[in-house]
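Enquirer: Structure file structure09.cif (mmCIF, C-alpha atoms and all ligand atoms) right here:
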```
data_structure
loop_
_atom_site.label_atom_id
_atom_site.label_comp_id
_atom_site.auth_asym_id
_atom_site.auth_seq_id
_atom_site.Cartn_x
_atom_site.Cartn_y
_atom_site.Cartn_z
CA MET X 11 -119.18 -4.14 39.02
CA LYS X 12 -121.28 -1.19 40.12
CA ILE X 13 -118.33 1.22 40.01
CA ASP X 14 -117.43 -0.09 36.58
CA SER X 15 -120.85 0.46 35.17
CA LYS X 16 -120.97 3.93 36.68
CA GLY X 17 -117.59 4.73 35.08
CA ASN X 18 -118.82 3.40 31.73
CA LEU X 19 -121.84 5.59 31.99
CA ILE X 20 -119.71 8.72 32.50
CA VAL X 21 -117.41 7.86 29.61
CA GLY X 22 -120.38 7.09 27.40
CA THR X 23 -122.16 10.37 28.18
CA THR X 24 -118.99 12.38 27.66
CA ALA X 25 -118.40 10.70 24.34
CA ILE X 26 -121.93 11.48 23.19
CA LEU X 27 -121.55 15.10 24.32
CA VAL X 28 -118.23 15.48 22.47
CA ILE X 29 -119.69 13.99 19.28
CA ALA X 30 -122.73 16.28 19.55
CA LEU X 31 -120.46 19.29 20.02
CA LEU X 32 -118.37 18.24 17.03
CA LEU X 33 -121.48 17.86 14.91
CA ILE X 34 -122.69 21.31 15.94
CA CYS X 35 -119.27 22.76 15.09
CA ILE X 36 -119.27 21.13 11.67
CA PHE X 37 -122.80 22.36 11.03
CA VAL X 38 -121.94 25.93 12.01
CA ILE X 39 -118.76 25.98 9.93
CA THR X 40 -120.45 24.62 6.80
CA SER X 41 -123.32 27.05 7.27
CA ILE X 42 -120.94 30.00 7.46
CA ASN X 43 -119.09 28.74 4.40
CA LEU X 44 -122.31 28.30 2.51
CA ILE X 45 -123.49 31.80 3.34
CA GLN X 46 -120.15 33.29 2.29
CA HIS X 47 -120.27 31.35 -0.94
CA GLU X 48 -123.77 32.50 -1.67
CA ASN X 49 -122.65 36.09 -1.18
CA ILE X 50 -119.84 35.67 -3.64
CA ASP X 51 -122.19 33.94 -6.05
CA SER X 52 -124.81 36.69 -5.93
CA GLN X 53 -122.11 39.35 -6.27
CA SER X 54 -120.71 37.80 -9.44
CA ASN X 55 -124.29 37.22 -10.55
CA ASP X 56 -124.95 40.97 -10.24
CA ILE X 57 -121.83 41.82 -12.22
CA PHE X 58 -122.78 39.34 -14.92
CA LYS X 59 -126.32 40.71 -15.11
CA TYR X 60 -124.93 44.22 -15.39
CA ILE X 61 -122.68 43.20 -18.29
CA VAL X 62 -125.57 41.61 -20.20
CA ASP X 63 -127.89 44.60 -19.59
CA ASP X 64 -125.22 47.11 -20.53
CA TYR X 65 -124.43 45.23 -23.71
CA SER X 66 -128.12 45.01 -24.67
CA ALA X 67 -128.57 48.76 -24.16
CA ASN X 68 -125.60 49.40 -26.44
CA ILE X 69 -127.16 47.30 -29.20
CA GLU X 70 -129.85 49.98 -29.56
CA ILE X 71 -127.24 52.72 -30.05
CA LEU X 72 -125.19 50.67 -32.52
CA ALA X 73 -128.35 49.70 -34.42
CA ARG X 74 -129.17 53.36 -35.07
CA GLU X 75 -125.58 54.04 -36.12
CA SER X 76 -125.82 51.12 -38.53
CA ILE X 77 -128.89 52.63 -40.20
CA ASP X 78 -127.15 56.01 -40.37
CA GLU X 79 -124.10 54.40 -41.98
CA ALA X 80 -126.34 53.01 -44.74
CA THR X 81 -127.88 56.47 -45.21
CA GLY X 82 -124.38 57.93 -45.44
CA LYS X 83 -123.61 55.51 -48.23
CA VAL X 84 -126.62 56.78 -50.19
CA TYR X 85 -125.60 60.40 -49.58
CA ASN X 86 -122.15 59.53 -50.91
CA GLY X 87 -123.76 58.45 -54.17
CA LEU X 88 -123.58 54.67 -53.70
CA PRO X 89 -126.69 52.57 -54.31
CA ILE X 90 -128.12 50.17 -51.73
CA LEU X 91 -129.84 47.14 -53.21
CA ASP X 92 -130.82 45.35 -49.99
CA SER X 93 -131.08 47.76 -47.07
CA GLN X 94 -131.84 45.07 -44.47
CA ASP X 95 -128.75 43.12 -45.45
CA GLN X 96 -126.60 46.25 -45.58
CA ILE X 97 -127.70 47.37 -42.10
CA LYS X 98 -127.22 43.82 -40.77
CA LYS X 99 -123.62 43.85 -42.03
CA ASN X 100 -123.02 47.32 -40.58
CA LEU X 101 -124.31 46.20 -37.20
CA ASN X 102 -122.36 42.92 -37.13
CA LYS X 103 -119.16 44.84 -37.77
CA ARG X 104 -119.93 47.12 -34.82
CA LEU X 105 -120.93 44.21 -32.58
CA ASP X 106 -117.64 42.40 -33.31
CA GLU X 107 -115.78 45.50 -32.21
CA MET X 108 -117.87 45.79 -29.04
CA ASN X 109 -117.34 42.08 -28.25
CA ARG X 110 -113.59 42.63 -28.26
CA GLU X 111 -113.92 45.71 -26.04
CA TYR X 112 -116.12 43.89 -23.52
CA GLY X 113 -113.77 40.91 -23.55
CA LYS X 114 -110.88 43.11 -22.50
CA LYS X 115 -112.83 45.22 -20.04
CA TYR X 116 -114.87 42.55 -18.23
CA ASP X 117 -113.02 39.34 -19.01
CA VAL X 118 -116.05 37.83 -20.78
CA GLU X 119 -116.48 35.83 -23.92
CA ILE X 120 -119.20 37.32 -26.14
CA SER X 121 -120.46 36.25 -29.52
CA SER X 122 -123.36 37.97 -31.25
CA GLU X 123 -125.06 38.03 -34.59
CA THR X 124 -127.80 40.20 -36.09
CA LEU X 125 -130.67 37.91 -37.04
CA SER X 126 -133.06 40.45 -38.55
CA VAL X 127 -133.77 44.09 -39.32
CA GLU X 128 -137.51 44.61 -39.68
CA ASN X 129 -140.27 47.17 -39.96
CA THR X 130 -142.62 47.63 -37.01
CA ASP X 131 -146.19 48.91 -36.62
CA SER X 132 -144.66 52.36 -36.36
CA PRO X 133 -142.75 53.79 -39.35
CA TRP X 134 -140.51 55.69 -36.91
CA ASN X 135 -138.99 52.52 -35.45
CA ILE X 136 -136.99 49.63 -36.89
CA LEU X 137 -136.83 46.37 -34.94
CA PHE X 138 -133.51 44.57 -34.51
CA LYS X 139 -133.13 40.98 -33.33
CA VAL X 140 -129.66 39.99 -32.14
CA LYS X 141 -128.57 36.54 -31.00
CA LEU X 142 -126.35 36.97 -27.99
CA ASP X 143 -124.07 34.55 -26.10
CA VAL X 144 -122.15 35.75 -23.04
CA LYS X 145 -119.84 33.54 -20.98
CA LYS X 146 -117.95 34.52 -17.84
CA GLY X 147 -116.56 31.73 -15.65
CA ASN X 148 -119.41 29.38 -14.86
CA GLU X 149 -122.06 31.88 -15.80
CA ARG X 150 -123.71 32.01 -19.14
CA PHE X 151 -126.36 34.02 -20.96
CA SER X 152 -127.77 32.81 -24.21
CA GLY X 153 -130.75 34.43 -25.87
CA ILE X 154 -132.21 36.76 -28.49
CA VAL X 155 -132.21 40.46 -27.67
CA GLU X 156 -134.87 42.61 -29.38
CA LYS X 157 -134.35 46.37 -29.66
CA ASN X 158 -136.15 49.18 -31.49
CA ALA X 159 -134.04 51.86 -33.13
CA SER X 160 -135.67 55.17 -34.05
CA VAL X 161 -135.15 56.76 -37.46
CA GLU X 162 -136.16 60.19 -36.17
CA GLY X 163 -133.33 62.64 -36.65
CA LEU X 164 -131.75 60.60 -39.46
CA ARG X 165 -131.56 61.94 -43.01
CA ASP X 166 -134.19 61.01 -45.60
CA PRO X 167 -132.37 58.87 -48.17
CA LEU X 168 -135.19 58.66 -50.74
CA PRO X 169 -134.59 61.77 -52.89
CA ILE X 170 -130.93 60.91 -53.49
CA ALA X 171 -131.45 57.14 -53.76
CA LYS X 172 -134.26 57.72 -56.27
CA LEU X 173 -132.75 60.43 -58.47
CA THR X 174 -129.04 59.62 -57.86
CA ILE X 175 -126.38 62.16 -57.06
CA LEU X 176 -125.64 62.59 -60.79
CA SER X 177 -129.01 64.33 -61.21
CA GLY X 178 -127.60 67.47 -59.57
CA ILE X 179 -129.74 67.13 -56.44
CA MET X 180 -128.02 68.67 -53.42
CA ALA X 181 -128.30 68.44 -49.65
CA TYR X 182 -127.33 71.42 -47.50
CA ASP X 183 -128.74 73.77 -44.85
CA ASP X 184 -130.86 70.91 -43.49
CA GLU X 185 -132.75 70.77 -46.79
CA ILE X 186 -132.84 68.77 -49.99
CA HIS X 187 -132.43 71.11 -52.95
CA TYR X 188 -133.80 69.50 -56.07
CA LYS X 189 -132.42 72.18 -58.42
CA THR X 190 -133.41 70.84 -61.88
CA ALA X 191 -133.25 67.14 -60.91
CA LEU X 192 -136.97 66.70 -60.29
CA SER X 193 -138.11 68.68 -63.32
CA ALA X 194 -135.71 66.61 -65.48
CA TYR X 195 -137.20 63.43 -64.01
CA MET X 196 -140.73 64.72 -64.72
CA LEU X 197 -139.79 65.74 -68.25
CA LEU X 198 -138.36 62.27 -68.84
CA HIS X 199 -141.61 60.63 -67.68
CA ASP X 200 -143.81 63.13 -69.49
CA PHE X 201 -145.57 64.50 -66.39
CA ASP X 202 -147.50 67.77 -66.46
CA SER X 203 -145.72 71.08 -65.89
CA PRO X 204 -142.23 69.88 -64.93
CA GLU X 205 -141.14 73.53 -64.71
CA SER X 206 -143.24 73.86 -61.53
CA TYR X 207 -140.70 71.70 -59.69
CA ILE X 208 -137.55 73.63 -60.68
CA GLU X 209 -135.75 74.64 -57.45
CA ALA X 210 -138.17 72.62 -55.31
CA THR X 211 -137.03 71.84 -51.75
CA ALA X 212 -137.80 69.28 -49.05
CA PRO X 213 -136.72 68.64 -45.44
CA MET X 214 -133.53 66.57 -45.05
CA HIS X 215 -133.89 65.19 -41.51
CA ILE X 216 -136.80 63.06 -40.40
CA ARG X 217 -138.93 64.75 -37.78
CA LYS X 218 -142.31 63.45 -36.72
CA CYS X 219 -145.13 65.96 -37.15
CA PRO X 220 -146.72 66.66 -33.75
CA TYR X 221 -149.97 68.01 -35.28
CA ASP X 222 -151.85 64.76 -34.88
CA PRO X 223 -154.59 64.08 -35.99
CA TYR X 224 -153.42 65.60 -39.25
CA VAL X 225 -156.71 67.39 -40.06
CA HIS X 226 -155.42 70.07 -37.67
CA HIS X 227 -153.15 71.30 -40.46
CA GLY X 228 -156.18 73.35 -41.53
CA ASP X 229 -156.09 75.29 -38.24
CA PRO X 230 -154.56 78.80 -38.38
CA GLY X 231 -150.75 78.76 -38.51
CA VAL X 232 -150.35 74.97 -38.33
CA LEU X 233 -149.43 74.24 -41.97
CA ARG X 234 -147.01 77.18 -41.98
CA ASP X 235 -145.25 75.83 -38.87
CA CYS X 236 -145.26 72.24 -40.19
CA LEU X 237 -143.54 73.38 -43.40
CA ASP X 238 -141.08 75.64 -41.55
CA LYS X 239 -140.04 72.77 -39.28
CA GLY X 240 -140.03 70.25 -42.14
CA TYR X 241 -142.15 67.58 -40.50
CA PHE X 242 -142.81 64.08 -41.88
CA HIS X 243 -146.20 62.36 -41.63
CA GLU X 244 -147.31 58.77 -41.25
CA SER X 245 -148.79 57.38 -44.44
CA ALA X 246 -149.90 53.95 -45.62
CA ASP X 247 -149.03 55.02 -49.19
CA GLY X 248 -145.63 56.50 -48.38
CA SER X 249 -142.56 54.29 -48.28
CA CYS X 250 -140.84 53.10 -45.12
CA TYR X 251 -137.30 54.00 -44.15
CA LEU X 252 -135.81 50.68 -45.26
CA CYS X 253 -137.37 51.02 -48.72
CA ARG X 254 -136.36 54.68 -48.94
CA LEU X 255 -132.75 53.54 -48.65
CA GLU X 256 -133.31 51.43 -51.77
CA GLY X 257 -134.82 54.37 -53.65
CA LYS X 258 -138.39 53.06 -53.59
CA GLY X 259 -140.98 55.83 -53.58
CA LYS X 260 -143.68 53.39 -52.53
CA CYS X 261 -143.85 50.04 -50.70
CA SER X 262 -146.23 47.64 -49.04
CA HIS X 263 -145.09 48.60 -45.52
CA TYR X 264 -146.59 51.34 -43.41
CA GLY X 265 -144.39 54.38 -44.07
CA PHE X 266 -144.35 58.14 -44.15
CA GLU X 267 -144.68 61.05 -46.54
CA VAL X 268 -143.25 64.52 -46.73
CA PHE X 269 -144.29 67.56 -48.78
CA ILE X 270 -141.98 68.60 -51.60
CA GLN X 271 -142.23 72.36 -51.64
CA THR X 272 -142.32 74.20 -54.93
CA HIS X 273 -141.34 77.86 -55.24
CA THR X 274 -142.81 79.09 -58.48
CA PRO X 275 -145.19 81.64 -59.98
CA VAL X 276 -146.43 78.94 -62.40
CA LYS X 277 -150.06 78.07 -61.69
CA ASN X 278 -150.42 74.94 -63.82
CA GLU X 279 -151.69 71.61 -62.62
CA SER X 280 -148.78 69.37 -61.77
CA LEU X 281 -147.87 66.33 -59.65
CA SER X 282 -149.33 66.49 -56.14
CA CYS X 283 -146.43 67.31 -53.83
CA SER X 284 -146.52 64.42 -51.36
CA ASP X 285 -143.27 62.56 -52.04
CA HIS X 286 -144.89 59.18 -52.71
CA VAL X 287 -147.05 60.84 -55.40
CA VAL X 288 -144.07 62.59 -57.00
CA PHE X 289 -141.89 59.46 -56.95
CA ALA X 290 -144.40 56.65 -57.44
CA ASP X 291 -148.14 57.32 -57.64
CA HIS X 292 -147.99 60.19 -60.14
CA TYR X 293 -151.31 62.03 -59.93
CA ASN X 294 -151.92 65.74 -60.24
CA GLY X 295 -152.88 68.42 -57.79
CA GLU X 296 -153.25 72.17 -57.78
CA LYS X 297 -151.87 74.99 -55.70
CA ILE X 298 -153.82 75.63 -52.52
CA ASP X 299 -153.23 79.36 -53.04
CA PRO X 300 -152.55 80.10 -56.74
CA ASP X 301 -151.04 83.51 -55.95
CA ASP X 302 -148.53 82.20 -53.42
CA TRP X 303 -145.17 81.19 -54.97
CA ASP X 304 -144.54 78.80 -52.05
CA SER X 305 -147.98 77.21 -51.98
CA LEU X 306 -148.20 73.42 -51.85
CA ILE X 307 -149.54 71.64 -54.93
CA LEU X 308 -152.06 69.15 -53.51
CA ASP X 309 -154.73 66.74 -54.72
CA SER X 310 -158.14 66.49 -53.06
CA SER X 311 -157.51 63.36 -50.96
CA HIS X 312 -154.37 64.86 -49.39
CA ARG X 313 -156.27 68.12 -48.82
CA LYS X 314 -158.85 66.09 -46.93
CA LYS X 315 -156.23 64.17 -44.91
CA TYR X 316 -154.62 67.42 -43.75
CA GLY X 317 -157.82 69.41 -43.26
CA LEU X 318 -156.99 71.81 -46.08
CA VAL X 319 -160.37 71.61 -47.78
CA GLU X 320 -161.92 75.02 -48.37
CA ASN X 321 -165.24 75.65 -46.65
CA ASP X 322 -168.18 75.96 -49.02
ZN ZN H 401 -147.37 68.30 -40.34
ZN ZN H 402 -141.03 49.45 -47.19
#
```
The structure given in the file should be rewritten as structure tokens.

Expert:
Amino acid sequence: MKIDSKGNLIVGTTAILVIALLLICIFVITSINLIQHENIDSQSNDIFKYIVDDYSANIEILARESIDEATGKVYNGLPILDSQDQIKKNLNKRLDEMNREYGKKYDVEISSETLSVENTDSPWNILFKVKLDVKKGNERFSGIVEKNASVEGLRDPLPIAKLTILSGIMAYDDEIHYKTALSAYMLLHDFDSPESYIEATAPMHIRKCPYDPYVHHGDPGVLRDCLDKGYFHESADGSCYLCRLEGKGKCSHYGFEVFIQTHTPVKNESLSCSDHVVFADHYNGEKIDPDDWDSLILDSSHRKKYGLVEND
């Protein structure tokens, strides 16, 4: 009896030890598996995150191209009635193409759609909202990507959209050449001294004037440099880029203005040369320097804004 119970004890202890060992083995093996799995998971997670980030960054580039495509349409003499809709269509076309490329390259399923093209607090930026769905294996991203596209460096569509290509207006050498288009427009609307604006010119590409605050234009050499470089200025009265595409010289959004430069010996009073005045607000100004053929024709409030008021 005693031997038996001793033998039972040994068998029992061994059994417990073996089971404990087995349990430890199972635990270790599952742990290793789990860790390996997590590694694979986080690796594919990184790749997925990269794809989504890369795609989002490309939206910004395609958005700018979509604006430029609309501008190109205007420069080719075609009217744009709804610039937001036109740019939306341009972008969707580009996104479809990119979705196919990404599908091939990364084995992902992407669908995207431009929800809106809007003005921002800054006239230099246009905000795009794009609905984006990305699926790769078990992973999924679904959300709205918001990107700002800059209009700096793009061409100003307003002169051509407003006067139409049939007016004889031309764009070359980085300048808009109004030829007789503006004086014909002024003659038609019975504005003073339309002959002052024969052969007027304006900058073609949008560049933001660095002389801010603008009263510094009265400092020596500043106005000269601003005109040479062809800078654009922020203006609550000037029209925004989206409205410029539609040929609107004025709009309710915060926009910008540019000086239309006359080159004439005529000293008459005529439209003040800020483009929103010439195309929409229609009030007169006078040459800053009557003896200078290239002098700006400006009204008193614009003279004040740019610090060009003569000292008493
Ligand atoms: Zn300036
Ligand atoms: Zn506008």

Enquirer: Write out as a ChimeraX atom specification the residues lying within 7 Å of region 254-260 of chain X, counting all atoms listed in the file and excluding same-chain residues fewer than 2 positions away.

Expert: /X:81,90-93,167-168,171-172,247-252,286,289-290

Enquirer: If you count all atoms listed in the file, which residues end up within 10 Å of ligand ZN 401 (chain H), as a PDB file with C-alpha atoms, keeping the file's coordinate frame?

Expert:
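Writing done, so here's part_5.pdb:
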```
ATOM      1  CA  ARG X 217    -138.930  64.750 -37.780  1.00  0.00           C
ATOM      2  CA  LYS X 218    -142.310  63.450 -36.720  1.00  0.00           C
ATOM      3  CA  CYS X 219    -145.130  65.960 -37.150  1.00  0.00           C
ATOM      4  CA  PRO X 220    -146.720  66.660 -33.750  1.00  0.00           C
ATOM      5  CA  TYR X 221    -149.970  68.010 -35.280  1.00  0.00           C
ATOM      6  CA  ASP X 222    -151.850  64.760 -34.880  1.00  0.00           C
ATOM      7  CA  PRO X 223    -154.590  64.080 -35.990  1.00  0.00           C
ATOM      8  CA  TYR X 224    -153.420  65.600 -39.250  1.00  0.00           C
ATOM      9  CA  VAL X 225    -156.710  67.390 -40.060  1.00  0.00           C
ATOM     10  CA  HIS X 226    -155.420  70.070 -37.670  1.00  0.00           C
ATOM     11  CA  HIS X 227    -153.150  71.300 -40.460  1.00  0.00           C
ATOM     12  CA  VAL X 232    -150.350  74.970 -38.330  1.00  0.00           C
ATOM     13  CA  LEU X 233    -149.430  74.240 -41.970  1.00  0.00           C
ATOM     14  CA  ARG X 234    -147.010  77.180 -41.980  1.00  0.00           C
ATOM     15  CA  ASP X 235    -145.250  75.830 -38.870  1.00  0.00           C
ATOM     16  CA  CYS X 236    -145.260  72.240 -40.190  1.00  0.00           C
ATOM     17  CA  LEU X 237    -143.540  73.380 -43.400  1.00  0.00           C
ATOM     18  CA  ASP X 238    -141.080  75.640 -41.550  1.00  0.00           C
ATOM     19  CA  LYS X 239    -140.040  72.770 -39.280  1.00  0.00           C
ATOM     20  CA  GLY X 240    -140.030  70.250 -42.140  1.00  0.00           C
ATOM     21  CA  TYR X 241    -142.150  67.580 -40.500  1.00  0.00           C
ATOM     22  CA  PHE X 242    -142.810  64.080 -41.880  1.00  0.00           C
ATOM     23  CA  HIS X 243    -146.200  62.360 -41.630  1.00  0.00           C
ATOM     24  CA  GLU X 244    -147.310  58.770 -41.250  1.00  0.00           C
ATOM     25  CA  GLU X 267    -144.680  61.050 -46.540  1.00  0.00           C
ATOM     26  CA  VAL X 268    -143.250  64.520 -46.730  1.00  0.00           C
ATOM     27  CA  PHE X 269    -144.290  67.560 -48.780  1.00  0.00           C
ATOM     28  CA  TYR X 316    -154.620  67.420 -43.750  1.00  0.00           C
TER      29      TYR X 316
END
```

Enquirer: Between X:Phe151, X:Tyr264, X:Tyr207, X:Phe58, which has the minimum distance to ligand ZN 402 (chain H) (counting all atoms listed in the file)?

Expert: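 Selected residue with least distance to ligand ZN 402 (chain H): X:Tyr264.
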
Enquirer: Suppose you want the space between CA of Ile120 (chain X) and CA of Val161 (chain X); what is it in Å?

Expert: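 Taking CA of Ile120 (chain X) as the start and CA of Val161 (chain X) as the end point, the length is 27.6 Å.
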
Enquirer: Determine, counting only C-alpha atoms, which protein, DNA and RNA residues have an atom within 8 Å of an atom of Thr274 (chain X); residues of the same chain fewer than 6 positions away are not included. Present the result as a list in words.

Expert: Ser206, Tyr207, Ile208, Trp303 and Asp304 of chain X

Enquirer: Neighbouring residues of region 155-158 of chain X were defined as those with any atom within 7 Å, considering all atoms listed in the file; residues of the same chain fewer than 6 positions away were excluded. Please report them as an MDAnalysis selection string.

Expert: chainID X and resid 66 70 135:142

Enquirer: Please compute the CA of Pro89 (chain X)-CA of Thr174 (chain X) distance, one decimal, in Å.

Expert: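 So the answer is 8.2 Å.
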
Enquirer: Set the distance at 9 Å and use all atoms listed in the file: which residues neighbour Ser305 (chain X) once local chain neighbours fewer than 3 positions away are removed? I'd like the list as a list in words.

Expert: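 Counting all atoms listed in the file, the residues come to Gln271, Thr272, His273, Thr274, Lys297, Ile298, Asp299, Pro300, Asp301 and Asp302 of chain X.
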
Enquirer: What separation in Å, quoted to one decimal, exists between CA of Phe201 (chain X) and CA of Leu306 (chain X)?

Expert: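 Between these atoms lies a distance of 17.3 Å.
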